[in-house]
Amino acid sequence: MLVIDEVGYLTHRPEAANVLFHVVNERHLRRRPILMTTNKPEAAWGQVLHDGDLAETILDRVLERGRLFELRGTSYRTRHLERSGRHAAQAADVEQPDLLTTGGRPRISGIPGPEFPEPTV
(Lines give C-alpha, C1' and ligand atoms only; values in the text may rest on other atoms or scores of the structure.)
Protein backbone atom coordinates (compact mmCIF):
# COMPACT_ATOMS: atom_id res chain seq x y z
CA MET A 1 0.00 0.00 0.00
CA LEU A 2 1.42 3.36 -1.04
CA VAL A 3 0.10 6.25 1.07
CA ILE A 4 0.40 9.75 -0.34
CA ASP A 5 -0.69 12.09 2.43
CA GLU A 6 -1.92 15.69 2.08
CA VAL A 7 -1.80 16.11 -1.70
CA GLY A 8 -1.89 19.84 -2.35
CA TYR A 9 -0.92 20.87 1.17
CA LEU A 10 2.40 22.25 -0.07
CA THR A 11 2.99 23.85 -3.43
CA HIS A 12 5.37 22.09 -5.78
CA ARG A 13 6.92 22.87 -9.12
CA PRO A 14 4.93 21.79 -12.18
CA GLU A 15 7.41 18.94 -12.75
CA ALA A 16 6.21 17.29 -9.52
CA ALA A 17 2.86 16.55 -11.18
CA ASN A 18 4.69 14.58 -13.87
CA VAL A 19 6.41 12.48 -11.22
CA LEU A 20 3.09 11.90 -9.45
CA PHE A 21 1.54 10.81 -12.74
CA HIS A 22 4.31 8.25 -13.33
CA VAL A 23 3.92 6.85 -9.81
CA VAL A 24 0.12 6.63 -10.09
CA ASN A 25 0.28 5.20 -13.62
CA GLU A 26 2.78 2.46 -12.68
CA ARG A 27 0.71 1.46 -9.66
CA HIS A 28 -2.44 1.52 -11.79
CA LEU A 29 -0.90 -0.73 -14.46
CA ARG A 30 0.38 -3.17 -11.83
CA ARG A 31 -2.92 -3.03 -9.90
CA ARG A 32 -1.18 -1.91 -6.71
CA PRO A 33 -3.10 -0.04 -4.00
CA ILE A 34 -2.76 3.69 -3.37
CA LEU A 35 -4.28 5.73 -0.58
CA MET A 36 -4.29 9.48 -1.15
CA THR A 37 -5.43 12.09 1.33
CA THR A 38 -6.12 15.74 0.61
CA ASN A 39 -8.21 18.61 1.80
CA LYS A 40 -8.66 19.84 -1.78
CA PRO A 41 -11.82 19.10 -3.78
CA GLU A 42 -11.49 17.27 -7.09
CA ALA A 43 -12.14 20.50 -8.99
CA ALA A 44 -9.07 22.14 -7.42
CA TRP A 45 -6.58 19.44 -8.40
CA GLY A 46 -5.84 21.20 -11.68
CA GLN A 47 -4.62 24.24 -9.76
CA VAL A 48 -2.73 22.11 -7.25
CA LEU A 49 -0.88 20.17 -9.94
CA HIS A 50 -0.52 23.16 -12.32
CA ASP A 51 -2.15 21.17 -15.15
CA GLY A 52 -5.86 20.40 -15.32
CA ASP A 53 -5.51 17.65 -17.94
CA LEU A 54 -2.79 15.88 -15.97
CA ALA A 55 -4.84 16.15 -12.77
CA GLU A 56 -7.85 14.65 -14.54
CA THR A 57 -5.71 11.79 -15.86
CA ILE A 58 -4.31 11.04 -12.40
CA LEU A 59 -7.76 11.12 -10.79
CA ASP A 60 -9.13 8.95 -13.60
CA ARG A 61 -6.58 6.23 -12.88
CA VAL A 62 -7.00 6.45 -9.11
CA LEU A 63 -10.81 6.41 -9.17
CA GLU A 64 -11.23 3.79 -11.92
CA ARG A 65 -10.92 1.00 -9.38
CA GLY A 66 -10.85 3.14 -6.25
CA ARG A 67 -13.30 4.83 -3.96
CA LEU A 68 -13.67 8.44 -2.91
CA PHE A 69 -14.46 9.05 0.75
CA GLU A 70 -15.31 12.57 1.77
CA LEU A 71 -15.01 13.18 5.49
CA ARG A 72 -16.67 16.18 7.07
CA GLY A 73 -16.71 17.37 10.63
CA THR A 74 -14.30 18.50 13.24
CA SER A 75 -10.65 17.59 13.09
CA TYR A 76 -9.69 14.29 14.66
CA ARG A 77 -6.57 15.96 16.06
CA THR A 78 -8.64 18.40 18.12
CA ARG A 79 -11.34 15.96 19.23
CA HIS A 80 -10.35 16.35 22.88
CA LEU A 81 -11.29 20.04 22.87
CA GLU A 82 -14.79 21.15 23.73
CA ARG A 83 -16.85 22.26 20.75
CA SER A 84 -18.11 25.43 22.39
CA GLY A 85 -15.52 27.92 23.52
CA ARG A 86 -12.68 26.14 21.77
CA HIS A 87 -11.10 29.35 20.52
CA ALA A 88 -11.91 31.23 23.71
CA ALA A 89 -10.07 28.61 25.76
CA GLN A 90 -7.00 29.00 23.58
CA ALA A 91 -6.99 32.77 24.04
CA ALA A 92 -7.76 32.77 27.78
CA ASP A 93 -5.55 31.54 30.57
CA VAL A 94 -6.16 27.80 30.50
CA GLU A 95 -5.74 26.01 33.81
CA GLN A 96 -2.85 23.59 33.59
CA PRO A 97 -3.47 20.03 34.79
CA ASP A 98 -2.16 19.09 38.21
CA LEU A 99 0.78 16.76 37.60
CA LEU A 100 -0.01 14.96 40.83
CA THR A 101 -3.48 13.99 39.60
CA THR A 102 -2.21 12.86 36.19
CA GLY A 103 0.33 10.46 37.66
CA GLY A 104 3.20 12.92 37.28
CA ARG A 105 2.87 12.94 33.49
CA PRO A 106 1.74 16.07 31.63
CA ARG A 107 -1.11 15.76 29.15
CA ILE A 108 0.06 16.23 25.59
CA SER A 109 -2.51 17.06 22.90
CA GLY A 110 -5.30 15.92 25.18
CA ILE A 111 -3.89 12.41 25.47
CA PRO A 112 -3.63 11.41 29.14
CA GLY A 113 -0.85 8.90 28.52
CA PRO A 114 -0.41 5.35 27.30
CA GLU A 115 -3.10 2.85 28.19
CA PHE A 116 -0.44 0.34 29.25
CA PRO A 117 2.58 2.32 30.53
CA GLU A 118 6.08 0.92 30.21
CA PRO A 119 7.21 -0.85 33.39
CA THR A 120 9.96 0.96 35.22
CA VAL A 121 12.76 -0.47 37.32
# chains A, B, ... in the order shown; residues from 1 in each chain; ligands from 1
>>> closest_atom_pairs(of="region 5-52 of chain A", to="region 56-65 of chain A", cutoff="9 Å", atoms="only C-alpha atoms", output="CSV")
residue,atom,partner,partner_atom,distance
A:Leu20,CA,A:Ile58,CA,8.0
A:Phe21,CA,A:Ile58,CA,5.9
A:Val24,CA,A:Ile58,CA,6.7
A:Asn25,CA,A:Arg61,CA,7.0
A:His28,CA,A:Arg61,CA,6.4
A:Arg31,CA,A:Arg65,CA,9.0
A:Ile34,CA,A:Val62,CA,7.7
A:Leu35,CA,A:Val62,CA,9.0
A:Met36,CA,A:Val62,CA,8.9
A:Glu42,CA,A:Leu59,CA,8.1
A:Trp45,CA,A:Glu56,CA,7.9
A:Gly46,CA,A:Glu56,CA,7.4
A:Asp51,CA,A:Glu56,CA,8.7
A:Gly52,CA,A:Glu56,CA,6.1
>>> atom_distance(atom1="CA of Gly8 (chain A)", atom2="CA of Thr38 (chain A)")
6.6 Å
>>> closest_residue(among="A:Lys40, A:Arg30, A:His22, A:Gly73", to="Asp5 (chain A)", atoms="only C-alpha atoms")
A:Lys40
>>> atom_distance(atom1="CA of Ala55 (chain A)", atom2="CA of Ala17 (chain A)")
7.9 Å
>>> closest_residue(among="A:Thr11, A:His50, A:Val3, A:Leu71", to="Arg32 (chain A)", atoms="only C-alpha atoms")
A:Val3
>>> closest_residue(among="A:Val48, A:Arg67, A:Leu81, A:Leu29", to="Arg13 (chain A)", atoms="only C-alpha atoms")
A:Val48
>>> atom_distance(atom1="CA of Leu2 (chain A)", atom2="CA of Val23 (chain A)")
9.8 Å
